[in-house]
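Below is one structure, written out as structure tokens; the observations come after it.
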Amino acid sequence: MRLRIYYPVLATAVLIVLLHLALAYADATYYMTQITMSAYYALVVIGLCLLMGYAGQASLGHAGFFAIGGYTAAVLTTYNLRPYADAPFVSLCRALGLTMQWKDLYGTDILSFTPWAAFGSALLLTGLIALVIGASVIRLKGHYLAMATLGFGLIVYRIALGTPVLGRADGISNVPPFHLLGSLQVNGRAPFRIQNYYLAWVVVLIAMVLALNLVHSRVGRALRSIHENEEAAHSLGVNTYRYKLAVFVLSAIFAAMGGALLTHYSGSIGPAEATVMKSVRYVAIVAVGGMANLWGAMVMGILLNFLSLRGVFGSFDDTVFGAILIMMMIFAPQGLLRVPRLRALGSLVSRRSHA
Amino acid sequence: MDKALLSTRNLHRSFGGVHAVKDVSFHVPTGAIKAVIGPNGAGKTTLFNLIAGTLTPHQGQVIFRGQPITGHKPHAVAALGIARTFQTTKLFPHMTVLENVMMGRHTRTRSGFLAGMFNAPWTWREQRQTEAKARAILEELGLTAHTNETACNLPFGRQRLVEFARALATEPSLLLLDEPAAGLNIYETQQLSQLILKIRDTGITCLVVEHDMSLVMNISDEVVVLDQGHKIAEGPPAAIQRNPEVIRVYLGDEHA
Amino acid sequence: MNLPQIVEYARSGITVGSIYAIVAIGFNIIYACTGIINFAQGEFLIVGAMTAISLSHVLPLPAAIAGAVLVTALLGGLLEIVFIRPVKNASVLRLIVVTIGLSIVIREAMLHLWGETVRSLPYFTGTAVSTVTILGAGVSLQVFWVLGVSAVIVAALTLFFRFTLTGRAMRACADDRMAARLCGINDRWMVTLSFMLSAGIGALAGCVISPVTQTQYDMGAPLAIKGFTVAIIGGLGNSMGAVAAGLFLGLLEAFVTSQSSAYKEAVSIVVLLLILVFRPSGLFTRSDVSALRTA
């Protein structure tokens, strides 16, 4: 019975291969770079969809979590530990194989943490920060939660902009590729384009499967019940505070994952990733996807980010997302895929978007 | 009173300067239907919320199975086997009837975030059992035809029945009913009394807050009368109907 | 820190603080009438100032400012009619999202209309260098304009809500929409009016502050955050609380900035987060009310 929720995953996998073939045929494989980047942004959207669409809690600070993930990965893999090579902590990390030696673009020898260690730390740190922030603000409702998370996002932006080790306005560049296994690596250079296209999609599909499982589980039902009527959910034994906090942390970790992987892929990260506008963009995408609709969020996450990265919207980039927000809320609060005329299309994408 | 399933001791709660519930003590014997009545603003719903954990009493204690549960949060109260319905029906409007009732199984099931995300095999059986139980309860209440309907599309009386089904799905030992007859017609109210009696006969103790005197007098084993936050009378329905204080409160001084 | 320095920081604190208070009152007017927090509130100030700057090329200054206030008020009313009114069965979440969208669209529209150039209105009296000396520190004349206009706005609003029929009708809507409607008050028009009013006073505040802080298209969002902080500290819906809280936040910012300017923006946000976590009902309200806003 539950296998049915995986059919769209298989369909998407087939489409991904077909898209590759089509791009190869059209000799336009360079599009894959933006698709890969969009896929990592889509991770944020998938997490936010769980938080906003299913549990009904607004967050205007998810770019903050994305940036914490990305900056942690960037700092730990680029900060040169050579001067401290003999300090006890660094020696211990070296003995444990958590560090690596490499040369940057200018030929400087660098001793830094491995991407795996950095990735683990990024997720852990983001999770902890989300736990602390969430524990204090998740009790708030509506406007208050939105403003509190917005405030959090602004603080992250200010810190990124004002801290020397984070590169201030320039951000951090020269982030090394992320060697996963053997020759498999998160690397933005042209020879790795096809490999990374599939890698990113695999990550997104795994995230989708995890999210879909969650949504269709006992916990998913409880999250939706909180959205629908918090008091009733509470009276039925749902620890609403803990569930909201847990899904807040979970969605932050999804965002951090996207941030860390994209940072390795593009080799750099800057404060532009932490702006409020980015957070609003993620919210807009979840809204277009139809709030409680993971497939809608994922498809829109990749499509809109792709168009934005290709520069299709030109100098109207932010305007487009602002306008999308307004139009969706006024005309189609259930998402584009639920507008009656498009419902047939919607049923192709998701058979039971939430049940 | 060792037979009491639930007792309150000197419960007290005020809002601003208004004493909504003042020094209220009573017992709910196991297996009985106990009713709390009183005119509007007597503090019935406040009392109810104090027991269910929605509000915290300023003084006094709530004791369930001999253990104090004063100040427990609603989810903790629910986990002990106390289920409730609301004065204005609070279903999950955009979930199906089946899902609503399945939510009632929350305290009786365990799979958490990780098990859910990784779709652990042992959660499958739990899911099947949850669904089977929910369907059984829907059938018992004659709601099978509505199983897959969206809750907010049901007529009002049916919604109330679904809320009952959801509360029963928690397999409570104590069921708190907040004005179950509010908004129902006479026919529906009669059905409801039958249902409450049937629930009691399955061994579930019921505490009913009600405005509708006929319902209370027909089904309850004992009645507590509140007025302006005070308990003014307690006893079997027949005795309550003759109590001059109760008559004064309900009908005015000249009838006493 | 010597005395003139203290006066200097106090001056800058009180000046921006009174503007924060006006932004907060703008939030309050709309919130009281509709329960919406209008995330586009900061944009009204910038629209007002920019319009006045453009008009001041062809009109005398007072006329330009009056025109800008009128234009912005009409814009506020228009936004409500076009974008807020049609949202049916509006949940708070949806309305928040709409006003966020509006703030972005307005800001981007200003970018395309006026560009990234930093502009400012001329000083209302005298020039940038004409000052009054107070306790050894030079204080610009514009500061008195800011304080005077803020005081007039607060006083006028108080009188409006107390003594005019329209003001009372708006308060009735805030208390109970349905009851107000039953009394024959056109509640929809009251909502539109609340948007016009808060846009109008926002525009006026934007104009008086423009010579001091200058104006750029993207300055609305930070103002909105600070105004919201002030509205929360003062207790949503409480105008006098907003004035006190505005001055408090302005002074706090000025003196913290005197120590390290890097964290200027962070001050108000940290204050906001602390207030939201510990006293969401504000510092000047009893905590009973906060139960309504948190779980």
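By order in the structure tokens, chains are A, B, ...; within a chain, residues start at 1; ligands start at 1, following the order shown.
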
Taking only C-alpha atoms into account, which residues of chain B are within 7 Å of chain A, as a ChimeraX atom specification? /B:74-76,78-79,83,90,92-93,103-104,106-107,111-113,116-119

Given a cut-off of 6 Å, which residues of chain A touch chain C, counting only C-alpha atoms, written out as a compact mmCIF listing (two decimals) with C-alpha atoms, in the first residue's frame?
```txt
# COMPACT_ATOMS: atom_id res chain seq x y z
CA SER A 136 12.89 29.77 22.47
CA ARG A 139 6.15 28.70 21.04
CA LEU A 140 5.34 31.94 19.26
CA LYS A 141 2.50 32.09 16.81
CA ALA A 148 11.51 36.16 15.32
CA GLY A 151 15.37 38.54 13.17
CA THR A 319 10.27 41.27 -7.98
CA GLY A 322 7.59 38.96 -4.45
CA LEU A 325 4.04 35.34 -3.24
CA ILE A 326 1.21 37.82 -3.59
CA MET A 329 -1.78 33.81 -1.73
CA ILE A 330 -4.59 35.69 -3.41
```

When you get a sec, could you note down which chain B residues fall within 12 Å of chain C, using only C-alpha atoms, as an MDAnalysis selection string? chainID B and resid 14:17 54:55 73:74

Figure out the distance between CA of Leu124 (chain A) and CA of Leu205 (chain A), please, to one decimal in Å.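 So the two atoms, CA of Leu205 (chain A) and CA of Leu124 (chain A), lie 21.9 Å apart.
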
If you run DSSP over the backbone, which residues in region 96-150 of chain C end up strand (DSSP E)? Put them as a list of chain:residue names.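 Taking region 96-150 of chain C and keeping strand (DSSP E) only, one gets C:Thr131, C:Val132, C:Thr133, C:Ile134, C:Ala137, C:Gly138, C:Val139, C:Ser140.
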
Do a neighbour search on region 210-220 of chain C at 7 Å with only C-alpha atoms, toss out local chain neighbours closer than 3 positions, and write the hits as number ranges by chain. C: 42-43, 45-46, 49, 107, 110-111, 116-123, 206-207, 223-224

Can I get the selection written as a PDB file, in the first residue's frame, with N, CA and C atoms?
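Writing done, so here's again_36.pdb:
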```pdb
ATOM      1  N   GLY C  42       7.683  49.738   6.471  1.00  0.00           N
ATOM      2  CA  GLY C  42       8.913  50.515   6.262  1.00  0.00           C
ATOM      3  C   GLY C  42       8.963  51.124   4.874  1.00  0.00           C
ATOM      4  N   GLU C  43       8.406  50.420   3.905  1.00  0.00           N
ATOM      5  CA  GLU C  43       8.443  50.913   2.517  1.00  0.00           C
ATOM      6  C   GLU C  43       7.652  52.205   2.365  1.00  0.00           C
ATOM      7  N   LEU C  45       7.568  54.733   4.297  1.00  0.00           N
ATOM      8  CA  LEU C  45       8.418  55.875   4.618  1.00  0.00           C
ATOM      9  C   LEU C  45       9.272  56.255   3.414  1.00  0.00           C
ATOM     10  N   ILE C  46       9.819  55.223   2.769  1.00  0.00           N
ATOM     11  CA  ILE C  46      10.736  55.481   1.657  1.00  0.00           C
ATOM     12  C   ILE C  46       9.959  56.005   0.457  1.00  0.00           C
ATOM     13  N   ALA C  49       9.235  59.656   1.163  1.00  0.00           N
ATOM     14  CA  ALA C  49      10.398  60.532   1.017  1.00  0.00           C
ATOM     15  C   ALA C  49      10.796  60.681  -0.442  1.00  0.00           C
ATOM     16  N   ARG C 107       9.642  47.729  -3.009  1.00  0.00           N
ATOM     17  CA  ARG C 107      11.063  48.078  -2.967  1.00  0.00           C
ATOM     18  C   ARG C 107      11.695  47.973  -4.354  1.00  0.00           C
ATOM     19  N   MET C 110      10.669  50.781  -6.556  1.00  0.00           N
ATOM     20  CA  MET C 110      11.410  52.006  -6.261  1.00  0.00           C
ATOM     21  C   MET C 110      12.803  51.943  -6.855  1.00  0.00           C
ATOM     22  N   LEU C 111      13.394  50.735  -6.834  1.00  0.00           N
ATOM     23  CA  LEU C 111      14.726  50.579  -7.440  1.00  0.00           C
ATOM     24  C   LEU C 111      14.677  50.939  -8.915  1.00  0.00           C
ATOM     25  N   GLU C 116      19.574  53.359  -7.459  1.00  0.00           N
ATOM     26  CA  GLU C 116      20.213  53.106  -6.174  1.00  0.00           C
ATOM     27  C   GLU C 116      20.748  54.378  -5.535  1.00  0.00           C
ATOM     28  N   THR C 117      20.556  55.523  -6.213  1.00  0.00           N
ATOM     29  CA  THR C 117      21.123  56.767  -5.718  1.00  0.00           C
ATOM     30  C   THR C 117      20.601  57.103  -4.319  1.00  0.00           C
ATOM     31  N   VAL C 118      21.506  57.583  -3.479  1.00  0.00           N
ATOM     32  CA  VAL C 118      21.089  58.061  -2.169  1.00  0.00           C
ATOM     33  C   VAL C 118      20.639  59.503  -2.342  1.00  0.00           C
ATOM     34  N   ARG C 119      19.415  59.810  -1.960  1.00  0.00           N
ATOM     35  CA  ARG C 119      18.889  61.163  -2.103  1.00  0.00           C
ATOM     36  C   ARG C 119      18.489  61.723  -0.758  1.00  0.00           C
ATOM     37  N   SER C 120      18.154  63.002  -0.749  1.00  0.00           N
ATOM     38  CA  SER C 120      17.566  63.532   0.479  1.00  0.00           C
ATOM     39  C   SER C 120      16.815  64.816   0.176  1.00  0.00           C
ATOM     40  N   LEU C 121      15.840  65.098   1.017  1.00  0.00           N
ATOM     41  CA  LEU C 121      15.138  66.376   0.929  1.00  0.00           C
ATOM     42  C   LEU C 121      16.058  67.450   1.492  1.00  0.00           C
ATOM     43  N   PRO C 122      15.873  68.723   1.098  1.00  0.00           N
ATOM     44  CA  PRO C 122      16.650  69.782   1.736  1.00  0.00           C
ATOM     45  C   PRO C 122      16.209  69.948   3.182  1.00  0.00           C
ATOM     46  N   TYR C 123      17.106  70.562   3.987  1.00  0.00           N
ATOM     47  CA  TYR C 123      16.722  70.875   5.365  1.00  0.00           C
ATOM     48  C   TYR C 123      15.528  71.830   5.347  1.00  0.00           C
ATOM     49  N   GLY C 206       8.860  59.696   6.882  1.00  0.00           N
ATOM     50  CA  GLY C 206       9.946  59.528   5.919  1.00  0.00           C
ATOM     51  C   GLY C 206      10.474  60.854   5.428  1.00  0.00           C
ATOM     52  N   CYS C 207       9.570  61.829   5.243  1.00  0.00           N
ATOM     53  CA  CYS C 207       9.985  63.140   4.743  1.00  0.00           C
ATOM     54  C   CYS C 207      10.815  63.908   5.777  1.00  0.00           C
ATOM     55  N   LEU C 223      14.029  49.641   8.792  1.00  0.00           N
ATOM     56  CA  LEU C 223      13.107  50.489   9.558  1.00  0.00           C
ATOM     57  C   LEU C 223      11.917  49.675  10.055  1.00  0.00           C
ATOM     58  N   ALA C 224      11.434  48.786   9.200  1.00  0.00           N
ATOM     59  CA  ALA C 224      10.277  47.977   9.589  1.00  0.00           C
ATOM     60  C   ALA C 224      10.627  47.078  10.758  1.00  0.00           C
TER      61      ALA C 224
END
```

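Counting from CA of Val223 (chain B), the distance to CA of Lys44 (chain B) is 12.4 Å.
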
DSSP-assigned alpha helix (DSSP H) members of region 151-263 of chain A, reported as JSON, numbers by chain: {"A": [151, 152, 153, 154, 155, 156, 157, 158, 159, 160, 161, 162, 193, 194, 195, 196, 197, 198, 199, 200, 201, 202, 203, 204, 205, 206, 207, 208, 209, 210, 211, 212, 213, 214, 215, 218, 219, 220, 221, 222, 223, 224, 225, 226, 227, 228, 230, 231, 232, 233, 234, 235, 240, 241, 242, 243, 244, 245, 246, 247, 248, 249, 250, 251, 252, 253, 254, 255, 256, 257, 258, 259, 260, 261, 262, 263]}
